[in-house]
Amino acid sequence: MQSIRNKGLMALISALLCVSLAFVFVVNRAAAHKVSHDAETLQAFTDAFMEQVILGDNLFHGAPMDGINMSNTGMACAMCHPFSSDVHPHEYPKFQEQMSEFATLRDMINWCIEKPNEGEKIDPDGEAMKALEAYIYWSNRGSVLDPGRH
Amino acid sequence: MADNKHDRDEVKRNGVVDITRRTFLHKSLLAGGAVATGSSVGFFQTLSSMEVANAAMGESFSFAWVSDTHLYPRELNQRFIDKATRAFSEVQAMGDKFDFMIFGGDLAQLGDPVEIELGAELLKEVTITKHFIPGEHDWYLDLGESWNKHFGETPWTFDHKGVRIIGVDSVGRAPDYWSARGMTDHERMGHMSALDGSQAGPWSGLGKEQREWLSSTLSDWPKDAPVIIFSHTPFWECYAPWNFWIRDWREVHEIIAPWQNVTNIHGHVHQPLYNEIGGMRSIGMLATSWPWPYAPEGVPEITKPMLRVDPGDHFDGVGWGNMNMSAEAHVDHQYMMWREQVFGYGRADSGTGDNVNQKLSPRIADRGWTGD
């Protein structure tokens, strides 16, 4: 009798666990996709991205931003990288010769700010860095990923 | 390691083109003869010297070229002042060699009278005869007022030892992109100063009046006699989005086509660049300030690109060129840099070869500019 009661309890617990997992799974999915991606929604996503691209474009071309100082020479990123040419974001991460170490694009952005521009490094996870990254990737979109290439 | 394609070009070109009579030959591009000896590399790194000879008259001469100093006010950027000062000092040190010096434009960065006056002060170091052509950075704050006040108007011409020398203004005749939008002078200059900006448009060109002047200036010159034309921007379509061209290059080529020995020497591109179209050779000169990357398209195969630049070395990618004339009237132009190797051959080292895997888009932030 005891064995039967235990088996019943185990079955009940298993069933509850399954239901709970299923609930969590379904609810989480539902949270990410409560509504279908209509054109208006997709445009909102694009607008959110392009807002960062434009901010990054302006920073890349020397616009000031409170709390950061990307150059003490008058030089802006675009003066050596028109159209963000010769940045090669699609080749990161890679061994970066100037730094003598394995580096991400964000590492190299900060290296350029600190060395050629004689500015002050920016927060690698901050607003300015994310915007710069957005502009550089946007400007190089269509380039084929080729990480590690020198 | 030599690139076989370049070697084939050299053999082909030497086999086809008459390089011993009327053709100025950009020898360094064909022979890969970049020279960087210890003394010259360490000292003469920021100017271009050229020796020209007219075989018919048997006279030769040399001149120096400096351009694209892009000076900021002294308190903002000493680095560019140091490089310009060094270039001018080197020209002066070799003053006996040169008949004159050309300053090829973009003395200032933002056209500020303070910057132009600073440049004029630095240029006093050079006491040989100087001739000036403007760059767009010198022009669009006050539409050339400060530039013309200090350095005189352009175009100009003179004959020197059998060569007709011409300096043109390829920057000051831009279509008006500022009035209708109500731009301030500084806004106009700001849009012009961004090489990859979209608001200034196709600003580089000679314009109708200057083309007529050029045609008239050449009209009495023998068709087989040498002509050198100095301009800030190249006389051909290399890469229009960065104004690596003059927008009326077709009309200009029609004007100069009858002359068999025309050399166009230009700044603006901040890089070794070479092309031949008909009887015209075009040579792009180095800047003293900083190098540009090669354009994503439009660089001729006969241009031998320089080695990729180390952005951590302020003196990398800038340099001087040396043109020596042979008895057969060759102009042998050699770019001189601080490093031993100047040209890149393999994809990993070549500025153009390395850029073939990038797809680029024009900037976007300035397209919606409304004057706010």
# chains A, B, ... in the order shown; residues from 1 in each chain; ligands from 1

$ residues_around --residues "segment 47-49 of chain A" --least-positions-apart "6" --cutoff "10 Å" --atoms "only C-alpha atoms" --output "list in words"
Thr41, Ala131, Ala134, Tyr135 and Trp138 of chain A

$ closest_atom_pairs --of "chain A" --to "chain B" --cutoff "7 Å" --atoms "only C-alpha atoms" --output "CSV"
residue,atom,partner,partner_atom,distance
A:Ile54,CA,B:Ala365,CA,4.9
A:Asp57,CA,B:Ala365,CA,5.9
A:Asn58,CA,B:Ala365,CA,6.3
A:Thr73,CA,B:Asn77,CA,5.1
A:Gly74,CA,B:Leu76,CA,6.6
A:Cys80,CA,B:Trp292,CA,5.7
A:His81,CA,B:Pro293,CA,7.0
A:Pro82,CA,B:Asp196,CA,5.3
A:Phe83,CA,B:Pro362,CA,5.5
A:Ser85,CA,B:Leu360,CA,6.8
A:Asp86,CA,B:Pro293,CA,6.5
A:His88,CA,B:Gln358,CA,6.7
A:Lys115,CA,B:Gly312,CA,6.3
A:Pro116,CA,B:Gly312,CA,5.8
A:Ser139,CA,B:Ser361,CA,4.9
A:Asn140,CA,B:Leu360,CA,4.9
A:Arg141,CA,B:Lys359,CA,6.6
A:Gly142,CA,B:Lys359,CA,5.8
A:Ser143,CA,B:Gln358,CA,5.0
A:His150,CA,B:Ala348,CA,6.4

$ residues_around --residues "Leu110 of chain B" --least-positions-apart "3" --cutoff "10 Å" --atoms "only C-alpha atoms" --output "list of chain:residue names"
B:His70, B:Leu71, B:Tyr72, B:Pro73, B:Asp106, B:Leu107, B:Pro113, B:Val114, B:Glu115, B:Ile116, B:Glu136, B:His137, B:Asp138, B:Trp139, B:Tyr140, B:Leu141, B:His186, B:Met189, B:Gly190, B:Met192, B:Ser193

$ residues_around --residues "Asp123 of chain A" --least-positions-apart "4" --cutoff "12 Å" --atoms "only C-alpha atoms" --output "VMD selection string"
chain A and resid 67 to 70 106 to 107 109 to 110 113 127 to 132

$ residues_around --residues "segment 219-232 of chain B" --least-positions-apart "6" --cutoff "9 Å" --atoms "only C-alpha atoms" --output "ChimeraX atom specification"
/B:22-24,54,56,67,102,104-106,133-136,162-171,258-269

$ write_last_selection --atoms "N, CA, C and O atoms" --output "tab-separated table (two decimals), in the first residue's frame"
chain	number	residue	atom	x	y	z
B	22	ARG	N	58.41	61.70	-75.54
B	22	ARG	CA	57.48	62.75	-75.11
B	22	ARG	C	56.71	62.41	-73.86
B	22	ARG	O	55.86	63.18	-73.45
B	23	THR	N	56.98	61.26	-73.31
B	23	THR	CA	56.15	60.80	-72.21
B	23	THR	C	56.83	61.01	-70.88
B	23	THR	O	57.93	60.53	-70.65
B	24	PHE	N	56.14	61.71	-70.01
B	24	PHE	CA	56.58	61.73	-68.63
B	24	PHE	C	56.26	60.36	-68.04
B	24	PHE	O	55.11	59.91	-68.09
B	54	ASN	N	63.22	69.21	-70.54
B	54	ASN	CA	62.66	69.29	-71.88
B	54	ASN	C	63.75	68.81	-72.83
B	54	ASN	O	64.76	69.48	-73.02
B	56	ALA	N	63.87	68.61	-75.91
B	56	ALA	CA	64.10	69.44	-77.08
B	56	ALA	C	65.04	70.59	-76.78
B	56	ALA	O	65.88	70.97	-77.59
B	67	SER	N	51.86	69.81	-49.86
B	67	SER	CA	50.42	70.06	-49.83
B	67	SER	C	49.77	69.37	-48.65
B	67	SER	O	50.40	68.55	-47.97
B	102	ILE	N	55.78	74.47	-55.23
B	102	ILE	CA	54.32	74.53	-55.36
B	102	ILE	C	53.71	74.16	-54.02
B	102	ILE	O	54.08	73.14	-53.43
B	104	GLY	N	50.26	72.88	-52.80
B	104	GLY	CA	49.15	72.30	-53.54
B	104	GLY	C	47.80	72.31	-52.86
B	104	GLY	O	46.90	71.55	-53.24
B	105	GLY	N	47.61	73.15	-51.86
B	105	GLY	CA	46.28	73.31	-51.28
B	105	GLY	C	46.06	72.57	-49.98
B	105	GLY	O	46.83	71.71	-49.58
B	106	ASP	N	44.95	72.94	-49.33
B	106	ASP	CA	44.61	72.44	-47.99
B	106	ASP	C	45.71	72.77	-46.98
B	106	ASP	O	46.17	71.91	-46.22
B	133	ILE	N	48.14	76.96	-55.10
B	133	ILE	CA	46.77	76.66	-55.54
B	133	ILE	C	45.98	76.26	-54.29
B	133	ILE	O	46.52	75.64	-53.37
B	134	PRO	N	44.71	76.61	-54.26
B	134	PRO	CA	43.93	76.37	-53.04
B	134	PRO	C	43.34	74.97	-52.97
B	134	PRO	O	43.12	74.31	-53.98
B	135	GLY	N	43.06	74.54	-51.74
B	135	GLY	CA	42.27	73.33	-51.51
B	135	GLY	C	40.93	73.72	-50.91
B	135	GLY	O	40.73	74.86	-50.48
B	136	GLU	N	40.02	72.78	-50.89
B	136	GLU	CA	38.67	73.09	-50.42
B	136	GLU	C	38.66	73.48	-48.95
B	136	GLU	O	37.81	74.28	-48.51
B	162	GLY	N	61.10	75.77	-71.17
B	162	GLY	CA	60.47	74.96	-72.19
B	162	GLY	C	59.23	74.21	-71.75
B	162	GLY	O	58.70	73.41	-72.52
B	163	VAL	N	58.79	74.44	-70.54
B	163	VAL	CA	57.58	73.76	-70.04
B	163	VAL	C	56.53	74.82	-69.72
B	163	VAL	O	56.84	75.82	-69.06
B	164	ARG	N	55.31	74.62	-70.19
B	164	ARG	CA	54.22	75.52	-69.78
B	164	ARG	C	53.67	75.02	-68.45
B	164	ARG	O	53.18	73.90	-68.34
B	165	ILE	N	53.78	75.87	-67.46
B	165	ILE	CA	53.35	75.53	-66.10
B	165	ILE	C	52.01	76.22	-65.85
B	165	ILE	O	51.88	77.43	-66.06
B	166	ILE	N	51.04	75.45	-65.37
B	166	ILE	CA	49.70	75.98	-65.14
B	166	ILE	C	49.22	75.57	-63.75
B	166	ILE	O	49.37	74.41	-63.35
B	167	GLY	N	48.66	76.51	-63.04
B	167	GLY	CA	48.02	76.19	-61.76
B	167	GLY	C	46.55	76.55	-61.84
B	167	GLY	O	46.19	77.66	-62.25
B	168	VAL	N	45.67	75.62	-61.51
B	168	VAL	CA	44.23	75.87	-61.59
B	168	VAL	C	43.58	75.76	-60.22
B	168	VAL	O	44.12	75.14	-59.29
B	169	ASP	N	42.42	76.35	-60.14
B	169	ASP	CA	41.59	76.24	-58.94
B	169	ASP	C	40.51	75.20	-59.21
B	169	ASP	O	39.58	75.46	-59.98
B	170	SER	N	40.64	74.05	-58.61
B	170	SER	CA	39.64	72.98	-58.84
B	170	SER	C	38.68	72.85	-57.66
B	170	SER	O	37.94	71.88	-57.57
B	171	VAL	N	38.71	73.83	-56.75
B	171	VAL	CA	37.90	73.70	-55.53
B	171	VAL	C	36.89	74.82	-55.33
B	171	VAL	O	35.87	74.63	-54.66
B	258	PRO	N	44.74	67.37	-77.39
B	258	PRO	CA	45.72	67.55	-78.48
B	258	PRO	C	47.17	67.61	-78.00
B	258	PRO	O	48.08	67.41	-78.81
B	259	TRP	N	47.39	67.90	-76.74
B	259	TRP	CA	48.76	68.00	-76.26
B	259	TRP	C	49.24	66.62	-75.80
B	259	TRP	O	48.54	65.91	-75.05
B	260	GLN	N	50.42	66.25	-76.25
B	260	GLN	CA	50.87	64.88	-76.12
B	260	GLN	C	51.66	64.61	-74.85
B	260	GLN	O	52.00	63.47	-74.57
B	261	ASN	N	51.98	65.65	-74.15
B	261	ASN	CA	52.84	65.48	-72.99
B	261	ASN	C	52.34	66.36	-71.84
B	261	ASN	O	52.88	67.43	-71.58
B	262	VAL	N	51.27	65.92	-71.22
B	262	VAL	CA	50.67	66.68	-70.13
B	262	VAL	C	50.81	65.87	-68.84
B	262	VAL	O	50.48	64.69	-68.80
B	263	THR	N	51.31	66.52	-67.82
B	263	THR	CA	51.38	65.89	-66.50
B	263	THR	C	50.52	66.68	-65.53
B	263	THR	O	50.70	67.88	-65.37
B	264	ASN	N	49.58	66.01	-64.93
B	264	ASN	CA	48.73	66.62	-63.90
B	264	ASN	C	49.23	66.14	-62.54
B	264	ASN	O	49.26	64.94	-62.26
B	265	ILE	N	49.64	67.08	-61.74
B	265	ILE	CA	50.14	66.76	-60.39
B	265	ILE	C	49.14	67.33	-59.39
B	265	ILE	O	48.82	68.52	-59.44
B	266	HIS	N	48.67	66.48	-58.51
B	266	HIS	CA	47.59	66.91	-57.62
B	266	HIS	C	47.80	66.41	-56.19
B	266	HIS	O	48.53	65.45	-55.95
B	267	GLY	N	47.10	67.08	-55.27
B	267	GLY	CA	47.08	66.66	-53.87
B	267	GLY	C	45.75	66.00	-53.58
B	267	GLY	O	45.26	65.18	-54.35
B	268	HIS	N	45.16	66.32	-52.42
B	268	HIS	CA	43.82	65.93	-52.01
B	268	HIS	C	43.69	64.46	-51.60
B	268	HIS	O	43.00	64.15	-50.64
B	269	VAL	N	44.32	63.56	-52.34
B	269	VAL	CA	44.08	62.14	-52.11
B	269	VAL	C	44.96	61.58	-51.00
B	269	VAL	O	44.70	60.48	-50.50

$ select_by_dssp --residues "segment 9-141 of chain A" --states "strand (DSSP E)" --output "JSON, numbers by chain"
{"A": [94, 95, 96, 101, 102, 103]}
